[in-house]
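Visitor: Structure file my_file_36.pdb, PDB, C-alpha atoms, is pasted below:
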ATOM      1  CA  MET A   1     100.153  91.597 115.527  1.00  0.00           C
ATOM      2  CA  SER A   2     103.725  90.608 115.212  1.00  0.00           C
ATOM      3  CA  HIS A   3     106.297  92.800 116.926  1.00  0.00           C
ATOM      4  CA  HIS A   4     109.960  92.742 115.974  1.00  0.00           C
ATOM      5  CA  ILE A   5     111.905  94.850 118.445  1.00  0.00           C
ATOM      6  CA  PHE A   6     115.433  96.225 118.221  1.00  0.00           C
ATOM      7  CA  GLN A   7     117.067  98.455 120.806  1.00  0.00           C
ATOM      8  CA  THR A   8     119.898 100.694 119.668  1.00  0.00           C
ATOM      9  CA  ALA A   9     121.210 104.234 120.057  1.00  0.00           C
ATOM     10  CA  LEU A  10     120.758 107.357 117.971  1.00  0.00           C
ATOM     11  CA  ASN A  11     122.942 110.373 118.703  1.00  0.00           C
ATOM     12  CA  GLY A  12     123.857 108.796 122.026  1.00  0.00           C
ATOM     13  CA  ARG A  13     120.221 108.316 123.054  1.00  0.00           C
ATOM     14  CA  PRO A  14     118.651 104.883 123.524  1.00  0.00           C
ATOM     15  CA  VAL A  15     115.904 104.154 120.995  1.00  0.00           C
ATOM     16  CA  THR A  16     113.612 101.224 120.321  1.00  0.00           C
ATOM     17  CA  VAL A  17     112.425 100.191 116.866  1.00  0.00           C
ATOM     18  CA  ASP A  18     109.146  98.228 116.820  1.00  0.00           C
ATOM     19  CA  LEU A  19     108.375  96.927 113.339  1.00  0.00           C
ATOM     20  CA  GLY A  20     105.705  94.368 112.593  1.00  0.00           C
ATOM     21  CA  TRP A  21     102.642  93.093 110.820  1.00  0.00           C
ATOM     22  CA  ASP A  22      99.150  94.035 111.985  1.00  0.00           C
ATOM     23  CA  ARG A  23      97.113  91.010 110.962  1.00  0.00           C
ATOM     24  CA  PRO A  24      93.640  92.414 111.780  1.00  0.00           C
ATOM     25  CA  LEU A  25      94.260  95.668 109.873  1.00  0.00           C
ATOM     26  CA  GLN A  26      96.478  94.045 107.206  1.00  0.00           C
ATOM     27  CA  TYR A  27      99.377  96.484 107.214  1.00  0.00           C
ATOM     28  CA  VAL A  28     103.009  96.844 108.196  1.00  0.00           C
ATOM     29  CA  PHE A  29     103.642  99.304 111.035  1.00  0.00           C
ATOM     30  CA  MET A  30     106.653 100.873 112.696  1.00  0.00           C
ATOM     31  CA  THR A  31     107.425 103.096 115.641  1.00  0.00           C
ATOM     32  CA  VAL A  32     110.792 104.427 116.724  1.00  0.00           C
ATOM     33  CA  SER A  33     110.742 105.689 120.274  1.00  0.00           C
ATOM     34  CA  SER A  34     113.272 107.365 122.506  1.00  0.00           C
ATOM     35  CA  GLN A  35     113.641 105.440 125.729  1.00  0.00           C
ATOM     36  CA  ASP A  36     115.082 108.352 127.700  1.00  0.00           C
ATOM     37  CA  LEU A  37     111.957 110.482 127.076  1.00  0.00           C
ATOM     38  CA  LYS A  38     109.717 107.610 128.203  1.00  0.00           C
ATOM     39  CA  ASP A  39     111.647 107.574 131.464  1.00  0.00           C
ATOM     40  CA  HIS A  40     110.811 111.259 132.110  1.00  0.00           C
ATOM     41  CA  PRO A  41     107.009 111.566 132.214  1.00  0.00           C
ATOM     42  CA  ASP A  42     107.217 115.288 133.109  1.00  0.00           C
ATOM     43  CA  ASP A  43     108.798 116.049 129.722  1.00  0.00           C
ATOM     44  CA  ASP A  44     106.183 117.300 127.223  1.00  0.00           C
ATOM     45  CA  SER A  45     108.110 115.901 124.251  1.00  0.00           C
ATOM     46  CA  SER A  46     106.703 112.899 122.452  1.00  0.00           C
ATOM     47  CA  PRO A  47     108.812 109.784 122.936  1.00  0.00           C
ATOM     48  CA  TYR A  48     108.179 108.903 119.263  1.00  0.00           C
ATOM     49  CA  LEU A  49     110.838 109.832 116.747  1.00  0.00           C
ATOM     50  CA  TYR A  50     108.719 108.121 114.101  1.00  0.00           C
ATOM     51  CA  SER A  51     105.264 106.540 113.999  1.00  0.00           C
ATOM     52  CA  ASN A  52     103.500 105.219 110.935  1.00  0.00           C
ATOM     53  CA  LEU A  53     100.334 106.838 112.350  1.00  0.00           C
ATOM     54  CA  ASP A  54     101.893 110.283 111.846  1.00  0.00           C
ATOM     55  CA  ASP A  55     103.474 109.592 108.441  1.00  0.00           C
ATOM     56  CA  GLU A  56     101.572 111.625 105.849  1.00  0.00           C
ATOM     57  CA  ASN A  57     103.562 110.040 102.996  1.00  0.00           C
ATOM     58  CA  LEU A  58     102.756 106.452 103.959  1.00  0.00           C
ATOM     59  CA  PRO A  59     101.160 104.489 101.109  1.00  0.00           C
ATOM     60  CA  ILE A  60      97.538 103.524 101.609  1.00  0.00           C
ATOM     61  CA  GLN A  61      96.691 100.460 103.656  1.00  0.00           C
ATOM     62  CA  GLY A  62      97.390  97.229 101.813  1.00  0.00           C
ATOM     63  CA  THR A  63     100.272  98.647  99.761  1.00  0.00           C
ATOM     64  CA  GLN A  64     102.743  99.205 102.576  1.00  0.00           C
ATOM     65  CA  SER A  65     106.022  97.359 102.412  1.00  0.00           C
ATOM     66  CA  VAL A  66     108.904  96.586 104.705  1.00  0.00           C
ATOM     67  CA  GLU A  67     111.142  98.450 102.245  1.00  0.00           C
ATOM     68  CA  TYR A  68     109.218 101.669 102.864  1.00  0.00           C
ATOM     69  CA  PHE A  69     110.035 101.463 106.575  1.00  0.00           C
ATOM     70  CA  GLN A  70     113.625 100.459 105.880  1.00  0.00           C
ATOM     71  CA  ASP A  71     113.925 103.729 103.956  1.00  0.00           C
ATOM     72  CA  ARG A  72     112.453 105.655 106.937  1.00  0.00           C
ATOM     73  CA  LEU A  73     115.036 104.018 109.225  1.00  0.00           C
ATOM     74  CA  THR A  74     117.823 104.996 106.826  1.00  0.00           C
ATOM     75  CA  GLU A  75     116.545 108.603 106.862  1.00  0.00           C
ATOM     76  CA  LEU A  76     116.702 108.542 110.672  1.00  0.00           C
ATOM     77  CA  GLY A  77     120.230 107.086 110.618  1.00  0.00           C
ATOM     78  CA  ILE A  78     119.184 103.781 112.171  1.00  0.00           C
ATOM     79  CA  SER A  79     120.124 100.375 110.888  1.00  0.00           C
ATOM     80  CA  VAL A  80     118.494  97.151 112.051  1.00  0.00           C
ATOM     81  CA  PRO A  81     119.567  93.546 111.449  1.00  0.00           C
ATOM     82  CA  SER A  82     118.528  92.332 108.000  1.00  0.00           C
ATOM     83  CA  ILE A  83     116.987  89.207 109.547  1.00  0.00           C
ATOM     84  CA  MET A  84     114.528  91.488 111.358  1.00  0.00           C
ATOM     85  CA  LEU A  85     113.368  93.049 108.082  1.00  0.00           C
ATOM     86  CA  GLN A  86     113.080  89.626 106.441  1.00  0.00           C
ATOM     87  CA  SER A  87     111.107  88.261 109.402  1.00  0.00           C
ATOM     88  CA  VAL A  88     108.546  91.080 109.167  1.00  0.00           C
ATOM     89  CA  GLN A  89     108.256  90.442 105.427  1.00  0.00           C
ATOM     90  CA  ASP A  90     107.680  86.747 106.194  1.00  0.00           C
ATOM     91  CA  ASP A  91     104.993  87.672 108.743  1.00  0.00           C
ATOM     92  CA  GLN A  92     103.242  89.790 106.112  1.00  0.00           C
ATOM     93  CA  ASN A  93     103.463  87.029 103.494  1.00  0.00           C
ATOM     94  CA  GLN A  94     102.182  84.394 105.929  1.00  0.00           C
ATOM     95  CA  ASP A  95      99.664  86.677 107.697  1.00  0.00           C
ATOM     96  CA  VAL A  96     101.241  85.964 111.093  1.00  0.00           C
ATOM     97  CA  GLY A  97     100.029  87.484 114.343  1.00  0.00           C
ATOM     98  CA  ASN A  98     100.612  87.132 118.081  1.00  0.00           C
ATOM     99  CA  LYS A  99     104.398  87.032 117.987  1.00  0.00           C
ATOM    100  CA  THR A 100     107.086  89.151 119.650  1.00  0.00           C
ATOM    101  CA  VAL A 101     110.772  88.818 118.799  1.00  0.00           C
ATOM    102  CA  ALA A 102     113.739  90.803 120.188  1.00  0.00           C
ATOM    103  CA  TYR A 103     116.894  91.251 118.083  1.00  0.00           C
ATOM    104  CA  GLN A 104     120.532  91.939 118.852  1.00  0.00           C
ATOM    105  CA  ALA A 105     122.903  93.936 116.629  1.00  0.00           C
ATOM    106  CA  ASP A 106     124.641  90.740 115.462  1.00  0.00           C
ATOM    107  CA  GLY A 107     121.341  89.413 114.075  1.00  0.00           C
ATOM    108  CA  SER A 108     120.719  86.953 116.856  1.00  0.00           C
ATOM    109  CA  PHE A 109     117.192  86.990 118.215  1.00  0.00           C
ATOM    110  CA  HIS A 110     114.985  85.621 120.943  1.00  0.00           C
ATOM    111  CA  VAL A 111     111.293  84.839 120.527  1.00  0.00           C
ATOM    112  CA  LEU A 112     109.548  86.397 123.521  1.00  0.00           C
ATOM    113  CA  PHE A 113     106.025  85.323 122.633  1.00  0.00           C
ATOM    114  CA  GLY A 114     104.373  83.111 120.028  1.00  0.00           C
ATOM    115  CA  GLY A 115     106.097  82.168 116.836  1.00  0.00           C
TER     116      GLY A 115
END
Please express the file's structure as structure tokens.
Guide:
Amino acid sequence: MSHHIFQTALNGRPVTVDLGWDRPLQYVFMTVSSQDLKDHPDDDSSPYLYSNLDDENLPIQGTQSVEYFQDRLTELGISVPSIMLQSVQDDQNQDVGNKTVAYQADGSFHVLFGG
């Protein structure tokens, strides 16, 4: 899997976007999680604001696109650096796995693993 990670805020709450390519299963995935809920294990709320696993409208495996998830981010009111979206698209096109990259709001990034 490739993981492209962006930390930002939504309505004043810290959130993490994890978007990537799952090479073994051959699909694009995305989760958006609230960091403040993860820090409070006694809270019964799910830390996930979005997960492709819970998306009933997600196209069938093999037809998923980065654009679909960009639209989900727009619906949530989250914007990520365009280089992040392009990098996930590149991973899909090149069938890349075993890579983790963290992005900053200005589009700069740091490869944490692989790549």
Visitor: Pick out the residues sitting within 12 Å of Leu19 (chain A), and hand them over as a VMD selection string; count all atoms listed in the file, and ignore anything fewer than 3 positions along from it in its own chain.
Guide: chain A and resid 1 to 7 16 22 27 to 33 50 to 52 65 to 70 72 to 73 80 to 81 84 to 89 91 to 92 99 to 103
Visitor: Keeping C-alpha atoms, export the residues of the selection given above as a PDB file, keeping the file's coordinate frame.
Guide:
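Output contents, as saved in part_8.pdb:
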ATOM      1  CA  MET A   1     100.153  91.597 115.527  1.00  0.00           C
ATOM      2  CA  SER A   2     103.725  90.608 115.212  1.00  0.00           C
ATOM      3  CA  HIS A   3     106.297  92.800 116.926  1.00  0.00           C
ATOM      4  CA  HIS A   4     109.960  92.742 115.974  1.00  0.00           C
ATOM      5  CA  ILE A   5     111.905  94.850 118.445  1.00  0.00           C
ATOM      6  CA  PHE A   6     115.433  96.225 118.221  1.00  0.00           C
ATOM      7  CA  GLN A   7     117.067  98.455 120.806  1.00  0.00           C
ATOM      8  CA  THR A  16     113.612 101.224 120.321  1.00  0.00           C
ATOM      9  CA  ASP A  22      99.150  94.035 111.985  1.00  0.00           C
ATOM     10  CA  TYR A  27      99.377  96.484 107.214  1.00  0.00           C
ATOM     11  CA  VAL A  28     103.009  96.844 108.196  1.00  0.00           C
ATOM     12  CA  PHE A  29     103.642  99.304 111.035  1.00  0.00           C
ATOM     13  CA  MET A  30     106.653 100.873 112.696  1.00  0.00           C
ATOM     14  CA  THR A  31     107.425 103.096 115.641  1.00  0.00           C
ATOM     15  CA  VAL A  32     110.792 104.427 116.724  1.00  0.00           C
ATOM     16  CA  SER A  33     110.742 105.689 120.274  1.00  0.00           C
ATOM     17  CA  TYR A  50     108.719 108.121 114.101  1.00  0.00           C
ATOM     18  CA  SER A  51     105.264 106.540 113.999  1.00  0.00           C
ATOM     19  CA  ASN A  52     103.500 105.219 110.935  1.00  0.00           C
ATOM     20  CA  SER A  65     106.022  97.359 102.412  1.00  0.00           C
ATOM     21  CA  VAL A  66     108.904  96.586 104.705  1.00  0.00           C
ATOM     22  CA  GLU A  67     111.142  98.450 102.245  1.00  0.00           C
ATOM     23  CA  TYR A  68     109.218 101.669 102.864  1.00  0.00           C
ATOM     24  CA  PHE A  69     110.035 101.463 106.575  1.00  0.00           C
ATOM     25  CA  GLN A  70     113.625 100.459 105.880  1.00  0.00           C
ATOM     26  CA  ARG A  72     112.453 105.655 106.937  1.00  0.00           C
ATOM     27  CA  LEU A  73     115.036 104.018 109.225  1.00  0.00           C
ATOM     28  CA  VAL A  80     118.494  97.151 112.051  1.00  0.00           C
ATOM     29  CA  PRO A  81     119.567  93.546 111.449  1.00  0.00           C
ATOM     30  CA  MET A  84     114.528  91.488 111.358  1.00  0.00           C
ATOM     31  CA  LEU A  85     113.368  93.049 108.082  1.00  0.00           C
ATOM     32  CA  GLN A  86     113.080  89.626 106.441  1.00  0.00           C
ATOM     33  CA  SER A  87     111.107  88.261 109.402  1.00  0.00           C
ATOM     34  CA  VAL A  88     108.546  91.080 109.167  1.00  0.00           C
ATOM     35  CA  GLN A  89     108.256  90.442 105.427  1.00  0.00           C
ATOM     36  CA  ASP A  91     104.993  87.672 108.743  1.00  0.00           C
ATOM     37  CA  GLN A  92     103.242  89.790 106.112  1.00  0.00           C
ATOM     38  CA  LYS A  99     104.398  87.032 117.987  1.00  0.00           C
ATOM     39  CA  THR A 100     107.086  89.151 119.650  1.00  0.00           C
ATOM     40  CA  VAL A 101     110.772  88.818 118.799  1.00  0.00           C
ATOM     41  CA  ALA A 102     113.739  90.803 120.188  1.00  0.00           C
ATOM     42  CA  TYR A 103     116.894  91.251 118.083  1.00  0.00           C
TER      43      TYR A 103
END
Visitor: Could you write out as lines of an AutoDock Vina configuration file the box around region 64-81 of chain A (axis-aligned, all atoms listed in the file, 6 Å on each side), with centre and edge lengths in Å to one decimal?
Guide:
center_x = 111.5
center_y = 101.1
center_z = 107.2
size_x = 29.5
size_y = 27.1
size_z = 21.9
Visitor: Pick from A:Ser82, A:Glu56, A:Thr8, A:Gly20: nearest to Ser34 (chain A), with only C-alpha atoms counted?
Guide: A:Thr8
Visitor: Record the distance separating CA of Ile78 (chain A) and CA of Tyr48 (chain A), expressed in Å with one decimal.
Guide: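 Distance reported for this atom pair: 14.1 Å.
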Visitor: Which residue gives the smallest distance to Leu76 (chain A) among A:Asn11, A:Asp95, A:Asp55, A:His110, with all atoms listed in the file counted?
Guide: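 Ranked by minimum distance to Leu76 (chain A), first place goes to A:Asn11.
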Visitor: What does the distance between CA of Pro47 (chain A) and CA of Gln35 (chain A) come to in Å, to one decimal place?
Guide: 7.1 Å
Visitor: Any idea what the distance is between CA of Ser46 (chain A) and CA of Thr74 (chain A)?
Guide: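 Going from CA of Ser46 (chain A) over to CA of Thr74 (chain A) covers 20.7 Å.
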